[in-house]
4 protein chains.
Amino acid sequence: MGNGSSPLLNPRKLPRQERSIATVDAIFEATIQVLSSDGLIGLNTTRVSRRAGVSVGTLYQYYPNKQALLFAMLERHLAVLAAAIERACDENLNARAEELAEAVVKAYLQAQMAQAEVSPALYRISLELDARALIDMATRRSVKAVGAALSSASDAQFADPDLVAQTLTAALYGMVPAFCHRVLAPADGREAEKQLIIEFRSYLGAHQSEVSGS
Amino acid sequence: MGNGSSPLLNPRKLPRQERSIATVDAIFEATIQVLSSDGLIGLNTTRVSRRAGVSVGTLYQYYPNKQALLFAMLERHLAVLAAAIERACDENLNARAEELAEAVVKAYLQAQMAQAEVSPALYRISLELDARALIDMATRRSVKAVGAALSSASDAQFADPDLVAQTLTAALYGMVPAFCHRVLAPADGREAEKQLIIEFRSYLGAHQSEVSGS
Amino acid sequence: MGNGSSPLLNPRKLPRQERSIATVDAIFEATIQVLSSDGLIGLNTTRVSRRAGVSVGTLYQYYPNKQALLFAMLERHLAVLAAAIERACDENLNARAEELAEAVVKAYLQAQMAQAEVSPALYRISLELDARALIDMATRRSVKAVGAALSSASDAQFADPDLVAQTLTAALYGMVPAFCHRVLAPADGREAEKQLIIEFRSYLGAHQSEVSGS
Amino acid sequence: MGNGSSPLLNPRKLPRQERSIATVDAIFEATIQVLSSDGLIGLNTTRVSRRAGVSVGTLYQYYPNKQALLFAMLERHLAVLAAAIERACDENLNARAEELAEAVVKAYLQAQMAQAEVSPALYRISLELDARALIDMATRRSVKAVGAALSSASDAQFADPDLVAQTLTAALYGMVPAFCHRVLAPADGREAEKQLIIEFRSYLGAHQSEVSGS
DNA sequence: GATGAATGAGTGTTCATTCAT
DNA sequence: GATGAATGAACACTCATTCAT
């Protein structure tokens with residue numbers, strides 16, 4: 001639990017040939033490149049396959065259609081985000097609520113920034129496609145991890161840790177679009193992190209009741 | 001003849017103008033309908049014009065191209081949101097910070113819910129098109145209004161009201177996509193509002209310094 | 001004969017109202033302007049009527065369709081050219097063949113240059129539409145005039161003046177396209193005229209047999 | 001493997017290449033057919049592709065747009081004309097000026113007649129599109145060849161062979177439109193050739209100064 | 001398995017023409 | 001007569017997907 005056993009990251013069907021692996025990787029990488037250089041609108045199967053150095057036919061051998069290709073991108077992106085949050089939570093079990101808040105925010109923003117080139121495009125995909133199932137899975141993982149960490153907090157107790165975890169997760173995931181929409185300029189990244197941490201800490205403060213013997 | 005007759009009041013032109021207005025309205029309404037029933041991908045000029053009960057050519061007489069049509073949608077949506085926030089701020093000048101937080105959150109969510117059908121699609125538009133200018137305008141309006149209201153708060157003083165206003169606005173505008181992503185199920189609307197208000201209040205609390213003579 | 005009684009220049013059906021005349025003129029002028037500023041491809045009835053300051057409907061009251069409008073343009077252009085040649089011939093009845101050649105070439109090129117802005121576009125029209133009848137009429141007028149002048153030449157006699165006239169006319173009318181195609185650069189205009197005169201003179205020389213008692 | 005295998009000789013690719021070549025040829029041929037049966041106005045990509053027995057998409061795989069397709073037609077046409085003139089000049093180096101005139105006229109008219117079906121349409125293209133570069137290239141080739149041949153003429157010397165070559169080329173290329181305009185009826189073809197030769201010969205005669213030792 | 005030529009339904013957009021006012 | 005809103009057929013062009021080689 002919480003160790004990232006999503007089917008997405010768990011390669012159940014390992015491509016048997018090395019060539020296959022190389023091909024899939026090339027396509028994957030090419031998709032990201034095309035996505036960040038041409039955007040979602042400029043992405044088409046021909047362009048991706050050309051950039052990957054394979055033929056369209058080959059692309060279709062690994063992904064049944066364009067949608068599947070995009071789903072795979074989103075899937076991996078969400079898995080990375082969820083894993084980052086989970087790791088932050090795991091490392092802060094039994095820590096103080098304030099520390100947890102900070103760690104989670106930092107982990108999330110860092111993961112997001114690492115994929116800054118593509119995340120707007122991926123966000124677009126998630127609106128375009130019916131990606132509810134994918135997102136549900138990722139957020140459920142995050143909510144669960146955050147909830148568990150909150151429950152274990154050394155200095156506080158929460159009446160409804162899951163509700164709090166859900167709100168925090170929503171606020172967190174909501175920040176990406178804020179960046180995409182440029183409500184927050186990318187230059188403000190540092191400041192945004194600080195403010196987001198304050199937001200989380202004070203929100204947690206409003207919910208927690210001190211642990212007596214602390 | 002003989003009267004000043006601004007072209008707008010010229011009685012001979014009225015029937016045509018009325019027709020034009022009716023047509024524009026029909027197209028506008030049709031676009032919203034198509035947007036919420038078929039999504040952004042399923043929206044095409046043929047479909048919109050058919051739903052509006054006019055010919056494609058007519059659509060193009062009022063909107064030079066598809067993009068302009070979508071821009072107009074987004075523009076109106078953002079204007080409604082910004083206006084709602086401004087009104088809430090105006091009505092809470094000199095109020096207590098907590099009341100302001102609550103009023104702004106409620107106003108925003110209410111405006112958003114009123115257009116719930118289309119707003120996901122509109123957010124997609126804002127990513128697809130280069131709508132930065134439009135969004136900048138709307139958020140600047142909101143940030144300004146919130147900043148002014150914070151500065152006038154009867155019970156508190158903020159070191160940097162604009163920074164706080166910016167963060168709150170970002171968090172607010174960011175919530176919509178969170179809803180779109182269904183991180184928060186729509187059924188949780190009531191609860192989401194409550195939590196968001198708590199978040200805002202406590203965040204403001206973390207930033208304010210008591211007004212001495214309070 | 002030879003005095004320009006083509007139906008084109010002869011206004012058999014005079015518009016009765018002054019307003020009508022003004023409107024027709026405005027449309028005509030607007031068409032020329034649009035033709036030279038936007039080219040034949042950029043010409044459409046809306047643009048012409050707007051430039052003429054009337055509505056499309058009005059345009060269609062005077063010209064049953066776009067083709068008719070363009071025909072009218074070509075018609076007038078050809079009539080002007082034919083008239084210029086006819087005048088040159090009339091003024092050189094009984095002159096020497098060399099003088100005639102020079103006068104005709106100069107008259108033609110001058111008329112052409114005066115309408116240089118539109119003539120490429122008009123030339124295009126003549127290729128686009130089935131303008132054979134129009135062109136036949138204009139060239140027949142020219143051939144006739146040139147033939148008559150040649151027959152009256154004071155210093156020479158031609159075995160087949162009509163054949164010579166026809167060849168010269170063809171060469172003359174053929175020069176326009178040469179200009180349009182930029183086989184001859186417009187800067188060479190002066191030189192082109194000189195060479196064309198030489199061509200005509202020597203061609204006439206090759207055909208004529210000296211009049212004995214001259 | 002193991003062999004140098006330029007991609008052009010790769011036997012596995014040959015069938016595909018043959019298919020491509022056949023397709024391009026079919027499109028080319030279809031374009032000419034449509035051009036001569038429906039004219040430039042009646043030519044559209046659907047019609048061409050249907051006549052070629054391929055889909056529109058295929059057409060666009062070989063020509064990026066309609067304009068490129070038409071350019072290709074014009075290019076080939078002009079290349080054929082220029083080549084015909086060059087050959088005539090090459091074969092008449094050191095010949096007498098009169099013979100050269102005759103050979104060039106005959107070569108040009110023959111090449112033109114061979115493509116009589118399309119040449120009017122192609123001339124339209126050259127006016128519609130900005131084909132100056134294409135035409136410049138073709139005429140420069142012709143002017144150069146004619147100029148060289150004139151300079152080598154066994155019986156005459158020209159003060160400015162290039163100017164003469166340019167004028168002749170312009171007159172030559174200008175004749176086609178004259179045919180298009182039907183100033184010269186096609187039935188007169190034979191007679192036109194005769195007259196044109198006379199024209200050229202006498203024009204050359206007017207420019208040449210006898211070679212002393214002739 | 002790999003290739004890439006071929007497909008064709010679908011989309012945005014234009015514009016000559018009509019006709020109710 | 002004048003107006004200009006409305007029409008809709010027509011066109012250029014795209015791209016996900018297939019399949020013969």
# chains A, B, ... in the order shown; residues from 1 in each chain; ligands from 1
>>> residues_around(residues="segment 13-21 of chain F", least_positions_apart="6", cutoff="9 Å", atoms="only C-alpha atoms (C1' of nucleotides)", output="PyMOL selection string")
(chain A and resi 44-46+57+60+65-66) or (chain D and resi 12+15-16+57+60+65) or (chain E and resi 3+6-7+10-11)
>>> interface_residues(of="chain B", to="chain F", cutoff="10 Å", atoms="only C-alpha atoms (C1' of nucleotides)", output="JSON, numbers by chain")
{"B": [13, 16, 17, 19, 20, 23, 54, 55, 56, 57, 58, 59, 61]}
>>> interface_residues(of="chain E", to="chain A", cutoff="12 Å", atoms="only C-alpha atoms (C1' of nucleotides)", output="PyMOL selection string")
chain E and resi 1-5
>>> write_last_selection(atoms="C-alpha atoms (C1' of nucleotides)", output="JSON list (two decimals), in the first residue's frame")
[["chain", "number", "residue", "atom", "x", "y", "z"],
["E", 1, "DG", "C1'", 7.19, -7.29, -37.24],
["E", 2, "DA", "C1'", 7.91, -2.98, -39.95],
["E", 3, "DT", "C1'", 6.71, 0.13, -43.56],
["E", 4, "DG", "C1'", 4.50, 4.22, -45.52],
["E", 5, "DA", "C1'", 1.25, 4.93, -49.41]]
>>> residues_around(residues="Ser119 of chain D", least_positions_apart="2", cutoff="10 Å", atoms="only C-alpha atoms (C1' of nucleotides)", output="list in words")
Ile32, Leu35, Ser36, Met73, Leu74, His77, Leu78, Gln112, Met113, Ala114, Gln115, Ala116, Glu117, Ala121, Leu122, Tyr123, Arg124, Ile125, Val176, Pro177, Phe179 and Cys180 of chain D
>>> write_last_selection(atoms="N, CA, C and O atoms", output="compact mmCIF listing (two decimals), in the first residue's frame")
# COMPACT_ATOMS: atom_id res chain seq x y z
N ILE D 32 -3.69 17.74 -66.20
CA ILE D 32 -3.73 18.25 -67.57
C ILE D 32 -5.10 18.03 -68.19
O ILE D 32 -5.67 18.92 -68.81
N LEU D 35 -7.63 20.30 -66.64
CA LEU D 35 -7.33 21.66 -67.08
C LEU D 35 -7.89 21.91 -68.46
O LEU D 35 -8.48 22.96 -68.72
N SER D 36 -7.75 20.94 -69.34
CA SER D 36 -8.21 21.20 -70.70
C SER D 36 -9.70 20.95 -70.87
O SER D 36 -10.31 21.50 -71.77
N MET D 73 2.75 22.15 -63.15
CA MET D 73 2.30 22.09 -64.54
C MET D 73 3.01 23.17 -65.37
O MET D 73 3.57 22.90 -66.42
N LEU D 74 2.92 24.37 -64.85
CA LEU D 74 3.50 25.50 -65.57
C LEU D 74 5.00 25.31 -65.77
O LEU D 74 5.55 25.59 -66.84
N HIS D 77 5.67 22.91 -68.53
CA HIS D 77 5.32 23.51 -69.81
C HIS D 77 6.41 24.47 -70.28
O HIS D 77 6.86 24.42 -71.42
N LEU D 78 6.83 25.34 -69.38
CA LEU D 78 7.84 26.33 -69.74
C LEU D 78 9.17 25.66 -70.06
O LEU D 78 9.89 26.09 -70.97
N GLN D 112 4.44 24.57 -78.83
CA GLN D 112 3.20 25.15 -78.32
C GLN D 112 1.99 24.33 -78.77
O GLN D 112 1.10 24.03 -77.98
N MET D 113 2.00 23.99 -80.05
CA MET D 113 0.86 23.25 -80.59
C MET D 113 0.71 21.88 -79.93
O MET D 113 -0.39 21.40 -79.72
N ALA D 114 1.86 21.29 -79.63
CA ALA D 114 1.82 19.97 -79.00
C ALA D 114 1.10 20.01 -77.67
O ALA D 114 0.57 19.02 -77.19
N GLN D 115 1.09 21.17 -77.06
CA GLN D 115 0.44 21.29 -75.76
C GLN D 115 -0.75 22.25 -75.84
O GLN D 115 -1.16 22.84 -74.83
N ALA D 116 -1.28 22.35 -77.07
CA ALA D 116 -2.32 23.36 -77.31
C ALA D 116 -3.49 23.27 -76.34
O ALA D 116 -4.05 24.29 -75.93
N GLU D 117 -3.82 22.03 -75.95
CA GLU D 117 -4.98 21.85 -75.08
C GLU D 117 -4.85 22.62 -73.76
O GLU D 117 -5.79 23.20 -73.24
N ALA D 121 -4.84 27.46 -70.40
CA ALA D 121 -5.04 27.32 -68.96
C ALA D 121 -3.75 27.63 -68.20
O ALA D 121 -3.77 28.28 -67.16
N LEU D 122 -2.64 27.18 -68.75
CA LEU D 122 -1.36 27.42 -68.08
C LEU D 122 -1.04 28.91 -68.06
O LEU D 122 -0.49 29.41 -67.08
N TYR D 123 -1.41 29.60 -69.13
CA TYR D 123 -1.16 31.03 -69.13
C TYR D 123 -2.00 31.71 -68.06
O TYR D 123 -1.57 32.64 -67.40
N ARG D 124 -3.20 31.20 -67.90
CA ARG D 124 -4.03 31.72 -66.83
C ARG D 124 -3.33 31.51 -65.49
O ARG D 124 -3.29 32.41 -64.65
N ILE D 125 -2.80 30.34 -65.30
CA ILE D 125 -2.10 30.04 -64.04
C ILE D 125 -1.01 31.06 -63.79
O ILE D 125 -0.88 31.61 -62.70
N VAL D 176 1.46 33.36 -77.97
CA VAL D 176 0.55 32.34 -77.40
C VAL D 176 -0.73 32.98 -76.92
O VAL D 176 -1.82 32.59 -77.34
N PRO D 177 -0.63 33.98 -76.06
CA PRO D 177 -1.86 34.63 -75.63
C PRO D 177 -2.65 35.15 -76.81
O PRO D 177 -3.88 35.09 -76.80
N PHE D 179 -2.98 33.78 -79.55
CA PHE D 179 -3.75 32.61 -79.99
C PHE D 179 -4.90 32.37 -79.02
O PHE D 179 -6.01 32.06 -79.41
N CYS D 180 -4.56 32.46 -77.74
CA CYS D 180 -5.59 32.22 -76.73
C CYS D 180 -6.74 33.18 -76.92
O CYS D 180 -7.91 32.82 -76.82
>>> select_by_dssp(residues="segment 63-102 of chain C", states="alpha helix (DSSP H)", output="ChimeraX atom specification")
/C:66-91,97-102
>>> interface_residues(of="chain D", to="chain C", cutoff="10 Å", atoms="only C-alpha atoms", output="VMD selection string")
chain D and resid 39 to 41 120 to 121 123 to 128 130 to 133 135 to 136 138 to 140 163 to 164 166 to 185 191 to 192 195 to 207
>>> atom_distance(atom1="atom CA of Ile27 of chain D", atom2="atom CA of Leu70 of chain D")
11.3 Å
>>> residues_around(residues="Phe158 of chain B", least_positions_apart="2", cutoff="12 Å", atoms="only C-alpha atoms (C1' of nucleotides)", output="JSON, numbers by chain")
{"B": [97, 147, 148, 149, 150, 151, 152, 153, 154, 155, 156, 160, 161, 162, 163, 164, 165, 203, 204, 205, 206, 207, 208, 209, 210, 211]}
>>> atom_distance(atom1="atom CA of Ala26 of chain C", atom2="atom CA of Tyr108 of chain C")
27.0 Å
